[in-house]
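Colleague: I am sharing run_2.txt, which consists of compact mmCIF, C-alpha atoms (C1' of nucleotides):
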# COMPACT_ATOMS: atom_id res chain seq x y z
CA MET A 1015 -17.85 -23.94 -26.32
CA PRO A 1016 -16.04 -21.62 -23.92
CA VAL A 1017 -15.24 -18.13 -25.13
CA LYS A 1018 -12.06 -16.27 -24.41
CA SER A 1019 -12.56 -12.90 -22.68
CA LYS A 1020 -10.62 -9.91 -21.40
CA LEU A 1021 -8.58 -12.06 -19.06
CA LYS A 1022 -8.87 -9.57 -16.21
CA ARG A 1023 -10.35 -12.04 -13.82
CA ARG A 1024 -10.19 -12.04 -10.07
CA SER A 1025 -9.54 -15.76 -10.14
CA GLY A 1026 -10.18 -18.84 -12.21
CA CYS A 1027 -13.03 -19.96 -10.00
CA PRO A 1028 -16.10 -20.65 -12.14
CA VAL A 1029 -18.45 -19.03 -9.67
CA SER A 1030 -16.31 -15.92 -9.57
CA ILE A 1031 -16.24 -15.74 -13.35
CA ALA A 1032 -20.01 -16.18 -13.57
CA LEU A 1033 -20.47 -13.38 -11.06
CA GLU A 1034 -18.31 -11.09 -13.12
CA GLU A 1035 -20.77 -11.54 -15.98
CA VAL A 1036 -24.13 -11.58 -14.27
CA GLY A 1037 -23.35 -10.70 -10.65
CA ASP A 1038 -25.13 -7.40 -10.29
CA ARG A 1039 -28.54 -6.11 -9.45
CA TRP A 1040 -29.86 -5.93 -13.02
CA SER A 1041 -28.36 -8.44 -15.45
CA LEU A 1042 -30.29 -11.45 -14.23
CA LEU A 1043 -33.51 -9.46 -14.23
CA VAL A 1044 -33.00 -8.63 -17.89
CA ILE A 1045 -32.32 -12.30 -18.55
CA ARG A 1046 -35.40 -13.31 -16.57
CA ASP A 1047 -37.55 -10.96 -18.62
CA LEU A 1048 -36.22 -12.35 -21.88
CA MET A 1049 -36.66 -15.87 -20.58
CA VAL A 1050 -40.10 -15.98 -19.00
CA ARG A 1051 -41.86 -12.73 -19.73
CA GLY A 1052 -41.46 -12.58 -23.48
CA PHE A 1053 -39.64 -9.23 -23.49
CA ARG A 1054 -37.94 -8.33 -26.74
CA THR A 1055 -37.32 -4.58 -26.90
CA PHE A 1056 -35.64 -1.80 -24.98
CA LYS A 1057 -39.03 -0.32 -24.23
CA ASP A 1058 -40.25 -3.57 -22.69
CA PHE A 1059 -37.46 -3.45 -20.13
CA GLN A 1060 -37.93 0.22 -19.38
CA GLU A 1061 -41.55 -0.38 -18.53
CA SER A 1062 -40.97 -3.61 -16.62
CA GLY A 1063 -41.89 -1.91 -13.36
CA GLU A 1064 -38.55 -2.42 -11.66
CA GLY A 1065 -37.43 1.00 -12.80
CA ILE A 1066 -34.09 0.41 -14.46
CA ALA A 1067 -32.50 3.62 -15.71
CA THR A 1068 -32.07 3.75 -19.47
CA ASN A 1069 -28.31 4.31 -19.34
CA ILE A 1070 -27.86 1.31 -17.08
CA LEU A 1071 -30.13 -0.77 -19.26
CA ALA A 1072 -28.16 0.16 -22.37
CA ASP A 1073 -24.95 -0.67 -20.54
CA ARG A 1074 -26.20 -4.06 -19.35
CA LEU A 1075 -27.50 -5.01 -22.78
CA ARG A 1076 -24.11 -4.14 -24.23
CA LYS A 1077 -22.26 -6.19 -21.62
CA LEU A 1078 -24.59 -9.16 -21.94
CA GLU A 1079 -24.06 -9.09 -25.67
CA ALA A 1080 -20.30 -8.90 -25.18
CA ALA A 1081 -20.54 -11.89 -22.87
CA GLY A 1082 -22.43 -13.84 -25.52
CA ILE A 1083 -25.56 -14.14 -23.41
CA ILE A 1084 -27.87 -12.17 -25.69
CA THR A 1085 -27.91 -11.16 -29.35
CA LEU A 1086 -29.39 -8.19 -31.20
CA GLU A 1087 -31.67 -8.59 -34.18
CA LYS A 1088 -32.88 -5.67 -36.23
CA ASP A 1089 -36.59 -5.80 -36.79
CA GLU A 1090 -37.25 -5.84 -40.52
CA ALA A 1091 -40.82 -4.60 -40.22
CA ASP A 1092 -39.98 -1.61 -38.03
CA LYS A 1093 -36.38 -0.59 -38.44
CA ARG A 1094 -36.18 1.49 -35.27
CA ARG A 1095 -36.84 -1.64 -33.31
CA VAL A 1096 -34.10 -3.88 -31.96
CA ASN A 1097 -35.10 -7.32 -30.79
CA TYR A 1098 -33.00 -8.81 -28.05
CA ARG A 1099 -32.80 -12.54 -27.75
CA LEU A 1100 -31.07 -15.01 -25.47
CA THR A 1101 -28.33 -17.13 -26.91
CA GLU A 1102 -27.90 -20.78 -26.00
CA LYS A 1103 -25.55 -19.63 -23.28
CA GLY A 1104 -28.23 -17.26 -22.07
CA ILE A 1105 -31.07 -19.75 -22.02
CA ASP A 1106 -28.82 -22.12 -20.12
CA LEU A 1107 -29.00 -19.74 -17.18
CA ALA A 1108 -32.55 -21.00 -16.65
CA PRO A 1109 -31.57 -23.49 -13.92
CA VAL A 1110 -29.78 -20.75 -11.99
CA LEU A 1111 -32.81 -18.47 -12.16
CA LEU A 1112 -35.17 -21.29 -11.30
CA GLU A 1113 -33.21 -22.22 -8.18
CA MET A 1114 -33.03 -18.58 -7.20
CA LEU A 1115 -36.77 -18.27 -7.62
CA ILE A 1116 -37.46 -21.33 -5.51
CA TRP A 1117 -35.07 -20.15 -2.79
CA SER A 1118 -36.54 -16.69 -2.68
CA VAL A 1119 -40.14 -17.85 -2.45
CA ARG A 1120 -39.14 -20.15 0.36
CA TYR A 1121 -37.43 -17.54 2.50
CA GLU A 1122 -38.84 -14.17 1.56
CA GLU A 1123 -42.24 -12.62 1.48
CA THR A 1124 -42.62 -12.32 -2.24
CA ALA A 1125 -45.56 -11.48 -4.42
CA ALA A 1126 -45.42 -14.87 -6.10
CA PRO A 1127 -48.02 -17.48 -5.20
CA CYS A 1128 -46.19 -20.12 -3.15
CA ALA A 1129 -48.33 -22.93 -4.48
CA VAL A 1130 -47.37 -22.24 -8.08
CA ILE A 1131 -43.68 -22.12 -7.28
CA ALA A 1132 -43.86 -25.21 -5.07
CA GLN A 1133 -45.37 -26.93 -8.08
CA MET A 1134 -42.46 -25.73 -10.20
CA ALA A 1135 -39.98 -26.97 -7.60
CA GLU A 1136 -41.52 -30.41 -7.92
CA ASN A 1137 -41.20 -30.41 -11.68
CA ARG A 1138 -37.96 -28.61 -12.36
CA THR A 1139 -37.18 -30.66 -15.45
CA THR A 1140 -40.56 -30.00 -17.01
CA VAL A 1141 -40.34 -26.29 -16.30
CA LEU A 1142 -36.89 -26.06 -17.82
CA ALA A 1143 -38.01 -28.01 -20.87
CA GLU A 1144 -40.91 -25.61 -21.32
CA VAL A 1145 -38.66 -22.57 -20.97
CA ARG A 1146 -36.36 -23.97 -23.61
CA ARG A 1147 -39.23 -24.89 -25.91
CA ARG A 1148 -40.48 -21.31 -25.87
CA TRP A 1149 -37.00 -20.11 -26.62
CA VAL A 1150 -36.49 -22.50 -29.53
CA GLU A 1151 -39.90 -21.71 -31.01
CA ARG A 1152 -39.59 -17.98 -30.26
CA ASP A 1153 -42.86 -18.20 -28.43
CA PRO A 1154 -43.22 -14.88 -26.63
CA THR A 1155 -46.09 -15.91 -24.37
CA PRO A 1156 -45.05 -15.16 -20.81
CA LEU A 1157 -44.46 -18.27 -18.75
CA LEU A 1158 -44.92 -16.31 -15.57
CA PRO A 1159 -46.81 -13.08 -15.07
CA LYS A 1160 -45.37 -10.02 -13.41
CA PHE A 1161 -45.50 -10.54 -9.65
CA GLY A 1162 -46.44 -7.54 -7.54
CA GLU A 1163 -45.13 -4.68 -9.55
CA ASN A 1164 -44.94 -1.37 -7.73
CA THR A 1165 -46.40 1.08 -10.23
CA MET B 309 -40.33 -19.08 7.36
CA PRO B 310 -40.12 -15.83 5.44
CA VAL B 311 -38.66 -12.84 7.24
CA LYS B 312 -39.97 -9.32 6.95
CA SER B 313 -37.39 -6.79 5.78
CA LYS B 314 -36.98 -3.08 5.15
CA LEU B 315 -39.79 -3.07 2.57
CA LYS B 316 -37.85 -0.90 0.15
CA ARG B 317 -38.06 -3.33 -2.66
CA ARG B 318 -37.98 -2.67 -6.34
CA SER B 319 -40.80 -5.13 -6.84
CA GLY B 320 -42.32 -8.24 -5.31
CA CYS B 321 -40.67 -10.50 -7.86
CA PRO B 322 -38.81 -13.28 -6.03
CA VAL B 323 -35.81 -13.08 -8.34
CA SER B 324 -35.58 -9.35 -7.81
CA ILE B 325 -35.74 -9.77 -4.04
CA ALA B 326 -33.06 -12.46 -4.12
CA LEU B 327 -30.83 -10.20 -6.17
CA GLU B 328 -31.21 -7.41 -3.65
CA GLU B 329 -29.74 -9.75 -1.05
CA VAL B 330 -27.04 -11.59 -2.93
CA GLY B 331 -26.90 -9.84 -6.30
CA ASP B 332 -23.44 -8.34 -6.22
CA ARG B 333 -19.91 -9.37 -7.02
CA TRP B 334 -18.99 -10.59 -3.54
CA SER B 335 -21.85 -11.98 -1.48
CA LEU B 336 -22.13 -15.29 -3.28
CA LEU B 337 -18.36 -15.75 -3.12
CA VAL B 338 -18.48 -15.38 0.64
CA ILE B 339 -21.32 -17.89 0.75
CA ARG B 340 -19.40 -20.24 -1.54
CA ASP B 341 -16.38 -20.10 0.75
CA LEU B 342 -18.48 -20.86 3.80
CA MET B 343 -20.22 -23.63 1.95
CA VAL B 344 -17.51 -25.57 0.18
CA ARG B 345 -14.16 -24.29 1.34
CA GLY B 346 -14.61 -24.51 5.08
CA PHE B 347 -13.97 -20.83 5.74
CA ARG B 348 -14.94 -19.59 9.17
CA THR B 349 -13.14 -16.36 10.00
CA PHE B 350 -12.64 -12.87 8.63
CA LYS B 351 -9.02 -13.69 7.96
CA ASP B 352 -9.94 -16.71 5.89
CA PHE B 353 -11.89 -14.50 3.50
CA GLN B 354 -9.23 -11.83 3.34
CA GLU B 355 -6.70 -14.40 2.24
CA SER B 356 -8.99 -16.24 -0.15
CA GLY B 357 -7.03 -14.98 -3.15
CA GLU B 358 -9.88 -13.05 -4.77
CA GLY B 359 -8.75 -9.90 -3.01
CA ILE B 360 -11.83 -8.55 -1.31
CA ALA B 361 -11.19 -5.29 0.54
CA THR B 362 -11.68 -5.51 4.29
CA ASN B 363 -14.27 -2.74 4.44
CA ILE B 364 -16.34 -4.40 1.73
CA LEU B 365 -15.98 -7.76 3.43
CA ALA B 366 -17.15 -6.32 6.74
CA ASP B 367 -20.07 -4.70 4.96
CA ARG B 368 -21.09 -7.88 3.17
CA LEU B 369 -20.87 -9.96 6.33
CA ARG B 370 -23.09 -7.44 8.08
CA LYS B 371 -25.64 -7.46 5.28
CA LEU B 372 -25.66 -11.23 4.99
CA GLU B 373 -26.27 -11.46 8.71
CA ALA B 374 -29.07 -8.89 8.46
CA ALA B 375 -30.58 -10.98 5.68
CA GLY B 376 -30.46 -14.08 7.87
CA ILE B 377 -28.07 -15.90 5.57
CA ILE B 378 -25.18 -16.19 8.03
CA THR B 379 -24.75 -16.01 11.78
CA LEU B 380 -21.88 -14.93 14.03
CA GLU B 381 -20.55 -17.13 16.77
CA LYS B 382 -17.94 -15.95 19.23
CA ASP B 383 -15.16 -18.43 19.57
CA GLU B 384 -14.94 -19.54 23.21
CA ALA B 385 -11.34 -20.66 22.95
CA ASP B 386 -10.06 -17.46 21.36
CA LYS B 387 -12.34 -14.53 22.05
CA ARG B 388 -10.96 -12.28 19.36
CA ARG B 389 -12.18 -14.74 16.85
CA VAL B 390 -15.60 -14.62 15.25
CA ASN B 391 -16.83 -17.70 13.48
CA TYR B 392 -19.20 -17.11 10.63
CA ARG B 393 -21.64 -19.83 9.72
CA LEU B 394 -24.38 -20.30 7.17
CA THR B 395 -27.94 -20.49 8.39
CA GLU B 396 -30.46 -22.89 6.91
CA LYS B 397 -31.44 -20.11 4.54
CA GLY B 398 -27.78 -19.75 3.62
CA ILE B 399 -27.08 -23.40 3.00
CA ASP B 400 -30.20 -23.55 0.85
CA LEU B 401 -28.42 -21.35 -1.66
CA ALA B 402 -26.38 -24.42 -2.57
CA PRO B 403 -28.53 -25.30 -5.61
CA VAL B 404 -28.13 -21.77 -6.97
CA LEU B 405 -24.36 -21.93 -6.61
CA LEU B 406 -24.20 -25.41 -8.05
CA GLU B 407 -26.14 -24.41 -11.16
CA MET B 408 -23.99 -21.34 -11.53
CA LEU B 409 -20.88 -23.48 -11.27
CA ILE B 410 -22.12 -25.92 -13.89
CA TRP B 411 -23.11 -23.11 -16.24
CA SER B 412 -19.82 -21.32 -15.88
CA VAL B 413 -17.71 -24.40 -16.50
CA ARG B 414 -19.75 -25.10 -19.59
CA TYR B 415 -19.36 -21.68 -21.17
CA GLU B 416 -16.21 -20.13 -19.79
CA GLU B 417 -12.60 -21.05 -19.64
CA THR B 418 -12.30 -21.65 -15.95
CA ALA B 419 -9.61 -23.18 -13.82
CA ALA B 420 -11.91 -25.99 -12.71
CA PRO B 421 -11.43 -29.44 -14.17
CA CYS B 422 -14.38 -30.01 -16.51
CA ALA B 423 -14.51 -33.71 -15.79
CA VAL B 424 -15.04 -33.18 -12.07
CA ILE B 425 -17.80 -30.68 -12.63
CA ALA B 426 -19.46 -32.80 -15.29
CA GLN B 427 -19.50 -35.54 -12.69
CA MET B 428 -21.16 -33.16 -10.25
CA ALA B 429 -23.73 -32.16 -12.85
CA GLU B 430 -24.66 -35.82 -13.19
CA ASN B 431 -25.12 -36.22 -9.46
CA ARG B 432 -26.60 -32.94 -8.33
CA THR B 433 -28.65 -34.54 -5.58
CA THR B 434 -25.67 -36.37 -4.12
CA VAL B 435 -23.51 -33.26 -4.21
CA LEU B 436 -26.17 -31.19 -2.49
CA ALA B 437 -26.66 -33.87 0.15
CA GLU B 438 -22.95 -33.90 0.84
CA VAL B 439 -22.81 -30.11 1.11
CA ARG B 440 -25.65 -30.18 3.59
CA ARG B 441 -24.09 -33.03 5.55
CA ARG B 442 -20.91 -31.05 6.04
CA TRP B 443 -22.96 -28.09 7.16
CA VAL B 444 -24.99 -30.10 9.66
CA GLU B 445 -21.92 -31.82 11.08
CA ARG B 446 -19.82 -28.64 10.96
CA ASP B 447 -17.27 -30.53 8.95
CA PRO B 448 -14.83 -27.91 7.69
CA THR B 449 -13.09 -30.11 5.14
CA PRO B 450 -13.22 -28.32 1.82
CA LEU B 451 -15.48 -30.03 -0.69
CA LEU B 452 -13.73 -28.30 -3.54
CA PRO B 453 -10.22 -26.91 -3.65
CA LYS B 454 -9.37 -23.38 -4.67
CA PHE B 455 -9.37 -23.26 -8.46
CA GLY B 456 -6.67 -21.22 -10.11
CA GLU B 457 -6.02 -18.51 -7.58
CA ASN B 458 -3.98 -15.61 -8.85
CA THR B 459 -1.42 -15.05 -6.12
C1' DA C 589 -45.49 18.21 -42.41
C1' DT C 590 -46.09 17.39 -37.77
C1' DT C 591 -46.23 14.52 -34.07
C1' DG C 592 -45.04 10.26 -31.77
C1' DT C 593 -42.12 6.22 -30.91
C1' DT C 594 -37.87 3.72 -30.19
C1' DA C 595 -33.39 3.28 -28.69
C1' DC C 596 -30.51 5.15 -27.07
C1' DT C 597 -26.65 9.26 -25.10
C1' DT C 598 -25.16 13.03 -22.08
C1' DG C 599 -24.55 15.59 -17.74
C1' DC C 600 -24.55 15.71 -13.12
C1' DA C 601 -25.34 14.45 -8.26
C1' DT C 602 -25.18 10.50 -5.22
C1' DT C 603 -23.64 6.16 -3.81
C1' DA C 604 -20.58 2.21 -3.83
C1' DC C 605 -16.06 0.34 -4.26
C1' DG C 606 -10.93 -0.31 -3.87
C1' DC C 607 -6.83 0.69 -1.46
C1' DA C 608 -3.90 2.02 2.29
C1' DA C 609 -3.58 3.00 6.82
C1' DG C 610 -5.10 2.93 11.55
C1' DT C 611 -7.20 1.00 15.93
C1' DA C 612 -8.86 -1.77 19.82
C1' DA C 613 -9.25 -5.99 22.04
C1' DA C 614 -7.47 -10.44 22.85
C1' DC C 615 -3.70 -13.52 22.85
C1' DT C 616 1.35 -15.03 22.88
C1' DT C 617 6.15 -14.59 23.84
C1' DG C 618 10.38 -13.41 26.30
C1' DC D 464 4.15 -8.51 32.80
C1' DA D 465 5.62 -5.52 29.08
C1' DA D 466 5.98 -5.83 24.23
C1' DG D 467 4.79 -7.66 20.09
C1' DT D 468 1.28 -10.17 17.26
C1' DT D 469 -3.06 -11.61 15.58
C1' DT D 470 -7.92 -10.76 14.62
C1' DA D 471 -11.58 -8.09 13.24
C1' DC D 472 -12.58 -4.62 12.09
C1' DT D 473 -13.00 1.22 10.96
C1' DT D 474 -11.60 5.53 8.66
C1' DG D 475 -10.23 8.51 4.83
C1' DC D 476 -9.93 9.32 0.32
C1' DG D 477 -9.80 8.88 -4.72
C1' DT D 478 -12.13 6.41 -8.48
C1' DA D 479 -15.86 4.01 -10.57
C1' DA D 480 -20.71 2.74 -10.87
C1' DT D 481 -25.40 4.11 -10.38
C1' DG D 482 -29.72 6.91 -10.55
C1' DC D 483 -32.26 10.70 -12.49
C1' DA D 484 -33.58 14.07 -15.81
C1' DA D 485 -33.13 15.71 -20.10
C1' DG D 486 -31.80 15.48 -24.86
C1' DT D 487 -31.22 13.41 -29.62
C1' DA D 488 -31.29 10.81 -34.02
C1' DA D 489 -33.72 7.67 -36.83
C1' DC D 490 -37.78 6.00 -38.18
C1' DA D 491 -43.02 5.64 -38.35
C1' DA D 492 -47.78 7.15 -38.21
C1' DT D 493 -51.34 10.70 -39.24
Can the structure from this file be put into structure tokens for me?
Modeller:
Amino acid sequence: MPVKSKLKRRSGCPVSIALEEVGDRWSLLVIRDLMVRGFRTFKDFQESGEGIATNILADRLRKLEAAGIITLEKDEADKRRVNYRLTEKGIDLAPVLLEMLIWSVRYEETAAPCAVIAQMAENRTTVLAEVRRRWVERDPTPLLPKFGENT
Amino acid sequence: MPVKSKLKRRSGCPVSIALEEVGDRWSLLVIRDLMVRGFRTFKDFQESGEGIATNILADRLRKLEAAGIITLEKDEADKRRVNYRLTEKGIDLAPVLLEMLIWSVRYEETAAPCAVIAQMAENRTTVLAEVRRRWVERDPTPLLPKFGENT
DNA sequence: ATTGTTACTTGCATTACGCAAGTAAACTTG
DNA sequence: CAAGTTTACTTGCGTAATGCAAGTAACAAT
């Protein structure tokens, strides 16, 4: 189910194309928050602790929507509210994020408990299944807590 | 074997930390080229077809070295030449790149043959073992060709 | 009716990037 | 061995992206 885009690509290399969509400091963090922290609204992201500027956040949400990675849903109960949600394409970035997580914990001093992540590295398939289950069922319970925020 | 760094991090989240090191449009492409295309020198990257500017390339190589992802080796035969090489930390980004590749081929119109990548998705472990083997043995034979360059 | 909340936009200073050109050291060629 | 070439960069400069503070419009709560 590939989607045609602006056709202004550096090359046809898949990795290059992927990086044009999510290769920046913020996009994958937004996706991570939608995926494992149960974030839904603009406010959630603003307060995530990483300190993304609101203009950048708005821009990234727009681009991720344009790329077909997230969708917008108006909240019927509170009409100011916009709920962001990963698409199938978006949730399928889970393996990328998981590998990045495992790599980072292995080589950096992170705030994540090594034991928990080591456990996840052992059971990649199970973790991915759980991530997808939450997505399908719209279960907003965070899979992982916020590690070492700096507020 | 985590390495201490500048301690100017947005947060302690592993994904966030990883993105501070390789979360831009170019770093992972450089790593990809070292990993699967047998690139070694500055020139190789310049001519890779994606069109990275030399100042940006120099900057990225410096940052990747600072992050412990690549190392420099002076060529004894030709002393102008600098050979860049992935460290263990660098080669361990292979799973991230592989998942990104698989994702991209699935959702974008890339220049990579779907069948080949589907095959790789079936045999992730084998592919990763082969990537590592080439790294250990310093075998510069490209694992994958250049897909759809735009020159 | 007033105040607060949500999802943004706008303006402006700073930083990063992209492009063309330049340079220094090492090698190669005549 | 002088002159050109290759390699790995750096420098300058214009444009684009980012970060920060403030503002706004629509809706909701009191």
Colleague: Might you pull out every residue within 8 Å of Lys1077 of chain A, with only C-alpha atoms (C1' of nucleotides) counted and same-chain residues fewer than 4 positions away left off, and present them as number ranges by chain?
Modeller: A: 1035, 1073, 1081
Colleague: What box, with edges along x, y and z, holds each listed atom of segment 402-419 of chain B when 8 Å is added on every side, and can you state its centre and edge lengths in Å to one decimal, as JSON?
Modeller:
{"center_x": -19.1, "center_y": -23.0, "center_z": -11.9, "size_x": 34.9, "size_y": 21.8, "size_z": 34.6}
Colleague: Would you please work out which residue, of C:DT591, C:DT617, C:DT603, C:DG610, is nearest to DA480 of chain D when using only C-alpha atoms (C1' of nucleotides)?
Modeller: C:DT603
Colleague: Please build the interface table for chain C against chain B with a cut-off of 9 Å, listing for each qualifying residue the nearest atom pair and the distance in Å to one decimal; count only C-alpha atoms (C1' of nucleotides), order rows by chain and increasing number, and write it as a tab-separated table.
Modeller:
residue	atom	partner	partner_atom	distance
C:DC605	C1'	B:Ile364	CA	7.6
C:DG606	C1'	B:Ala361	CA	6.7
C:DC607	C1'	B:Ala361	CA	7.7
C:DA613	C1'	B:Arg388	CA	7.0
C:DA614	C1'	B:Arg388	CA	5.3
C:DC615	C1'	B:Asp386	CA	7.6
Colleague: Mind listing as a list in words which residues of chain D are within 7 Å of chain A, counting all atoms listed in the file?
Modeller: DG482, DA489 and DC490 of chain D
Colleague: Excluding Trp1117 of chain A and residues on its chain fewer than 6 positions from it, collect all residues at most 10 Å away from it, counting all atoms listed in the file, and give them as a PyMOL selection string.
Modeller: (chain A and resi 1111+1131+1135) or (chain B and resi 322-323+326+397-398+400-404)
Colleague: Could you build a table of the residues in chain A lying no more than 7 Å from chain B, giving for each the nearest pair of atoms and their separation in Å rounded to one decimal place, using all atoms listed in the file, ordered by chain and ascending residue number, as a Markdown table?
Modeller:
| residue | atom | partner | partner_atom | distance |
| --- | --- | --- | --- | --- |
| A:Met1015 | CA | B:Tyr415 | CA | 5.8 |
| A:Pro1016 | CA | B:Tyr415 | CA | 4.3 |
| A:Val1017 | CA | B:Glu416 | CA | 5.8 |
| A:Lys1018 | CA | B:Glu417 | CA | 6.8 |
| A:Arg1024 | CA | B:Glu358 | CA | 5.4 |
| A:Ser1025 | CA | B:Glu457 | CA | 5.1 |
| A:Gly1026 | CA | B:Ala419 | CA | 4.7 |
| A:Cys1027 | CA | B:Phe455 | CA | 5.2 |
| A:Pro1028 | CA | B:Ser412 | CA | 5.3 |
| A:Val1029 | CA | B:Leu409 | CA | 5.3 |
| A:Ser1030 | CA | B:Leu337 | CA | 6.8 |
| A:Ala1032 | CA | B:Ser412 | CA | 5.6 |
| A:Leu1033 | CA | B:Arg333 | CA | 5.7 |
| A:Glu1034 | CA | B:Arg333 | CA | 6.5 |
| A:Gly1037 | CA | B:Asp332 | CA | 5.0 |
| A:Asp1038 | CA | B:Asp332 | CA | 4.5 |
| A:Arg1039 | CA | B:Gly331 | CA | 5.2 |
| A:Leu1043 | CA | B:Ser324 | CA | 6.7 |
| A:Glu1064 | CA | B:Arg318 | CA | 5.4 |
| A:Lys1103 | CA | B:Tyr415 | CA | 6.9 |
| A:Asp1106 | CA | B:Trp411 | CA | 7.0 |
| A:Leu1107 | CA | B:Trp411 | CA | 6.9 |
| A:Pro1109 | CA | B:Glu407 | CA | 6.2 |
| A:Val1110 | CA | B:Glu407 | CA | 5.2 |
| A:Glu1113 | CA | B:Val404 | CA | 5.2 |
| A:Met1114 | CA | B:Val404 | CA | 5.9 |
| A:Leu1115 | CA | B:Val323 | CA | 5.3 |
| A:Trp1117 | CA | B:Leu401 | CA | 6.9 |
| A:Ser1118 | CA | B:Pro322 | CA | 5.3 |
| A:Val1119 | CA | B:Pro322 | CA | 6.0 |
| A:Arg1120 | CA | B:Pro310 | CA | 6.7 |
| A:Tyr1121 | CA | B:Pro310 | CA | 4.3 |
| A:Glu1122 | CA | B:Pro310 | CA | 4.4 |
| A:Glu1123 | CA | B:Pro310 | CA | 5.5 |
| A:Thr1124 | CA | B:Gly320 | CA | 5.1 |
| A:Ala1125 | CA | B:Gly320 | CA | 4.7 |
| A:Ala1126 | CA | B:Cys321 | CA | 6.7 |
| A:Phe1161 | CA | B:Cys321 | CA | 5.2 |
| A:Gly1162 | CA | B:Gly320 | CA | 4.7 |
| A:Glu1163 | CA | B:Ser319 | CA | 5.1 |
| A:Asn1164 | CA | B:Ser319 | CA | 5.7 |
Colleague: Take atom CA of Val390 of chain B and atom CA of Leu372 of chain B and report the distance between them in Å, one decimal.
Modeller: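 Those two atoms sit 14.8 Å apart.
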